[in-house]
>>> print(open('work06.pdb').read())   # PDB, C-alpha atoms and all ligand atoms
ATOM      1  CA  MET A1309      -5.468   5.950  31.147  1.00  0.00           C
ATOM      2  CA  PHE A1310      -9.003   4.644  31.116  1.00  0.00           C
ATOM      3  CA  ILE A1311     -12.154   6.304  32.377  1.00  0.00           C
ATOM      4  CA  CYS A1312     -15.356   4.609  33.458  1.00  0.00           C
ATOM      5  CA  LYS A1313     -18.136   6.042  31.319  1.00  0.00           C
ATOM      6  CA  ASN A1314     -20.626   5.414  34.121  1.00  0.00           C
ATOM      7  CA  CYS A1315     -19.032   7.023  37.195  1.00  0.00           C
ATOM      8  CA  LYS A1316     -16.050   8.843  35.587  1.00  0.00           C
ATOM      9  CA  SER A1317     -13.461   7.258  37.856  1.00  0.00           C
ATOM     10  CA  VAL A1318     -10.070   6.829  36.223  1.00  0.00           C
ATOM     11  CA  ASP A1319      -7.989   3.660  36.300  1.00  0.00           C
ATOM     12  CA  LYS A1320      -9.872   2.210  39.247  1.00  0.00           C
ATOM     13  CA  PHE A1321     -10.600  -1.309  38.208  1.00  0.00           C
ATOM     14  CA  GLU A1322     -10.272  -4.957  39.040  1.00  0.00           C
ATOM     15  CA  LEU A1323      -9.750  -7.733  36.562  1.00  0.00           C
ATOM     16  CA  MET A1324     -12.201 -10.533  36.057  1.00  0.00           C
ATOM     17  CA  PHE A1325     -10.617 -13.941  35.694  1.00  0.00           C
ATOM     18  CA  SER A1326     -12.339 -16.843  34.068  1.00  0.00           C
ATOM     19  CA  PRO A1327     -13.154 -19.738  36.410  1.00  0.00           C
ATOM     20  CA  GLU A1328     -10.748 -21.886  34.413  1.00  0.00           C
ATOM     21  CA  TYR A1329      -7.817 -19.551  35.026  1.00  0.00           C
ATOM     22  CA  GLN A1330      -5.087 -21.551  36.735  1.00  0.00           C
ATOM     23  CA  GLY A1331      -2.695 -18.819  37.880  1.00  0.00           C
ATOM     24  CA  SER A1332      -2.499 -17.178  41.281  1.00  0.00           C
ATOM     25  CA  LYS A1333      -4.449 -14.129  39.994  1.00  0.00           C
ATOM     26  CA  SER A1334      -1.886 -11.764  41.474  1.00  0.00           C
ATOM     27  CA  PHE A1335      -2.495  -8.450  39.788  1.00  0.00           C
ATOM     28  CA  SER A1336      -0.782  -5.085  39.968  1.00  0.00           C
ATOM     29  CA  LEU A1337      -0.629  -1.967  37.876  1.00  0.00           C
ATOM     30  CA  LYS A1338       1.708   0.959  37.390  1.00  0.00           C
ATOM     31  CA  TYR A1339       2.379   3.741  34.909  1.00  0.00           C
ATOM     32  CA  ASN A1340       5.209   3.523  32.432  1.00  0.00           C
ATOM     33  CA  ALA A1341       7.342   6.363  31.044  1.00  0.00           C
ATOM     34  CA  ASN A1342       4.623   7.230  28.519  1.00  0.00           C
ATOM     35  CA  ASN A1343       2.073   7.502  31.331  1.00  0.00           C
ATOM     36  CA  GLU A1344       0.354   4.409  30.024  1.00  0.00           C
ATOM     37  CA  ILE A1345      -1.011   1.905  32.449  1.00  0.00           C
ATOM     38  CA  GLU A1346       0.863  -1.368  32.697  1.00  0.00           C
ATOM     39  CA  ILE A1347      -0.781  -4.414  34.176  1.00  0.00           C
ATOM     40  CA  THR A1348       1.180  -7.292  35.620  1.00  0.00           C
ATOM     41  CA  VAL A1349      -0.660 -10.572  36.036  1.00  0.00           C
ATOM     42  CA  ASP A1350       1.265 -13.485  37.483  1.00  0.00           C
ATOM     43  CA  GLY A1351       4.558 -12.017  36.288  1.00  0.00           C
ATOM     44  CA  TYR A1352       3.359 -11.160  32.785  1.00  0.00           C
ATOM     45  CA  THR A1353       3.380  -7.407  32.086  1.00  0.00           C
ATOM     46  CA  PHE A1354       1.495  -5.715  29.271  1.00  0.00           C
ATOM     47  CA  VAL A1355      -0.189  -2.449  28.298  1.00  0.00           C
ATOM     48  CA  PRO A1356      -3.919  -3.085  28.045  1.00  0.00           C
ATOM     49  CA  ASP A1357      -5.868  -1.679  25.118  1.00  0.00           C
ATOM     50  CA  LEU A1358      -9.482  -0.642  25.160  1.00  0.00           C
ATOM     51  CA  MET A1359     -10.639  -4.005  23.868  1.00  0.00           C
ATOM     52  CA  PHE A1360      -8.906  -5.756  26.761  1.00  0.00           C
ATOM     53  CA  MET A1361     -10.448  -3.369  29.266  1.00  0.00           C
ATOM     54  CA  ASN A1362     -13.931  -3.888  27.953  1.00  0.00           C
ATOM     55  CA  GLN A1363     -13.539  -7.643  28.161  1.00  0.00           C
ATOM     56  CA  PHE A1364     -11.861  -8.071  31.534  1.00  0.00           C
ATOM     57  CA  ALA A1365     -12.007  -4.935  33.684  1.00  0.00           C
ATOM     58  CA  VAL A1366     -14.706  -4.112  36.190  1.00  0.00           C
ATOM     59  CA  CYS A1367     -14.974  -0.680  37.787  1.00  0.00           C
ATOM     60  CA  LYS A1368     -14.022  -0.698  41.477  1.00  0.00           C
ATOM     61  CA  TYR A1369     -16.437   2.086  42.301  1.00  0.00           C
ATOM     62  CA  CYS A1370     -19.654   1.409  40.445  1.00  0.00           C
ATOM     63  CA  GLY A1371     -19.162  -2.232  39.493  1.00  0.00           C
ATOM     64  CA  GLN A1372     -19.875  -1.616  35.822  1.00  0.00           C
ATOM     65  CA  ILE A1373     -18.247  -3.639  33.089  1.00  0.00           C
ATOM     66  CA  TYR A1374     -17.860  -2.882  29.395  1.00  0.00           C
ATOM     67  CA  MET A1375     -17.920   0.821  30.256  1.00  0.00           C
ATOM     68  CA  TRP A1376     -14.359   1.962  29.623  1.00  0.00           C
ATOM     69  CA  ASP A1377     -13.070   4.631  27.314  1.00  0.00           C
ATOM     70  CA  TYR A1378      -9.675   6.203  26.797  1.00  0.00           C
ATOM     71  CA  LYS A1379      -9.083   9.260  28.937  1.00  0.00           C
ATOM     72  CA  MET A1380      -7.156  11.805  26.959  1.00  0.00           C
ATOM     73  CA  GLU A1381      -4.847  14.107  28.828  1.00  0.00           C
ATOM     74  CA  ASN A1382      -4.924  17.785  28.118  1.00  0.00           C
ATOM     75  CA  LYS A1383      -1.741  18.559  26.273  1.00  0.00           C
ATOM     76  CA  SER A1384      -0.521  22.069  25.667  1.00  0.00           C
ATOM     77  CA  ASP A1385       1.099  21.171  22.372  1.00  0.00           C
TER      78      ASP A1385
HETATM   79 ZN    ZN B1401     -17.501   3.193  37.320  1.00  0.00          ZN
END
>>> encode(input="work06.pdb", output="structure tokens")
Amino acid sequence: MFICKNCKSVDKFELMFSPEYQGSKSFSLKYNANNEIEITVDGYTFVPDLMFMNQFAVCKYCGQIYMWDYKMENKSD
């Protein structure tokens, strides 16, 4: 999961597409069995890393870019 360092919202983002991008820009996300986010763009599914997020993701709430960090879950073990 990713947290916005500006407004602290978690996994609330949109992707920015370059003007040259030719696909339909259909975008969805879900969580896999490891509770990692999976993004599907035009039928291509992948697990984004922090570098990807800070290049392409914009926060839905505050509009910031380049502001993502990993959100660690509290684990009892
Ligand atoms: Zn934000």
>>> residues_around(input="work06.pdb", residues="Asp1350 (chain A)", least_positions_apart="4", cutoff="10 Å", atoms="all atoms listed in the file", output="PyMOL selection string")
chain A and resi 1331-1336
>>> residues_near_ligand(input="work06.pdb", ligand="ligand ZN 1401 (chain B)", cutoff="7 Å", atoms="all atoms listed in the file", output="list in words")
Cys1312, Lys1313, Asn1314, Cys1315, Lys1316, Ser1317, Cys1367, Lys1368, Tyr1369, Cys1370, Gly1371 and Gln1372 of chain A
>>> residues_around(input="work06.pdb", residues="Tyr1339 (chain A)", least_positions_apart="2", cutoff="12 Å", atoms="only C-alpha atoms", output="JSON, numbers by chain")
{"A": [1309, 1319, 1336, 1337, 1341, 1342, 1343, 1344, 1345, 1346, 1347, 1348, 1353, 1354, 1355, 1356]}
>>> axis_aligned_box(input="work06.pdb", around="region 1344-1348 of chain A", padding_each_side="3 Å", output="AutoDock Vina command-line options")
--center_x 0.1 --center_y -1.4 --center_z 32.8 --size_x 8.2 --size_y 17.7 --size_z 11.6
>>> closest_residue(input="work06.pdb", among="A:Tyr1374, A:Glu1381, A:Met1361, A:Lys1320", to="Lys1338 (chain A)", atoms="all atoms listed in the file")
A:Lys1320
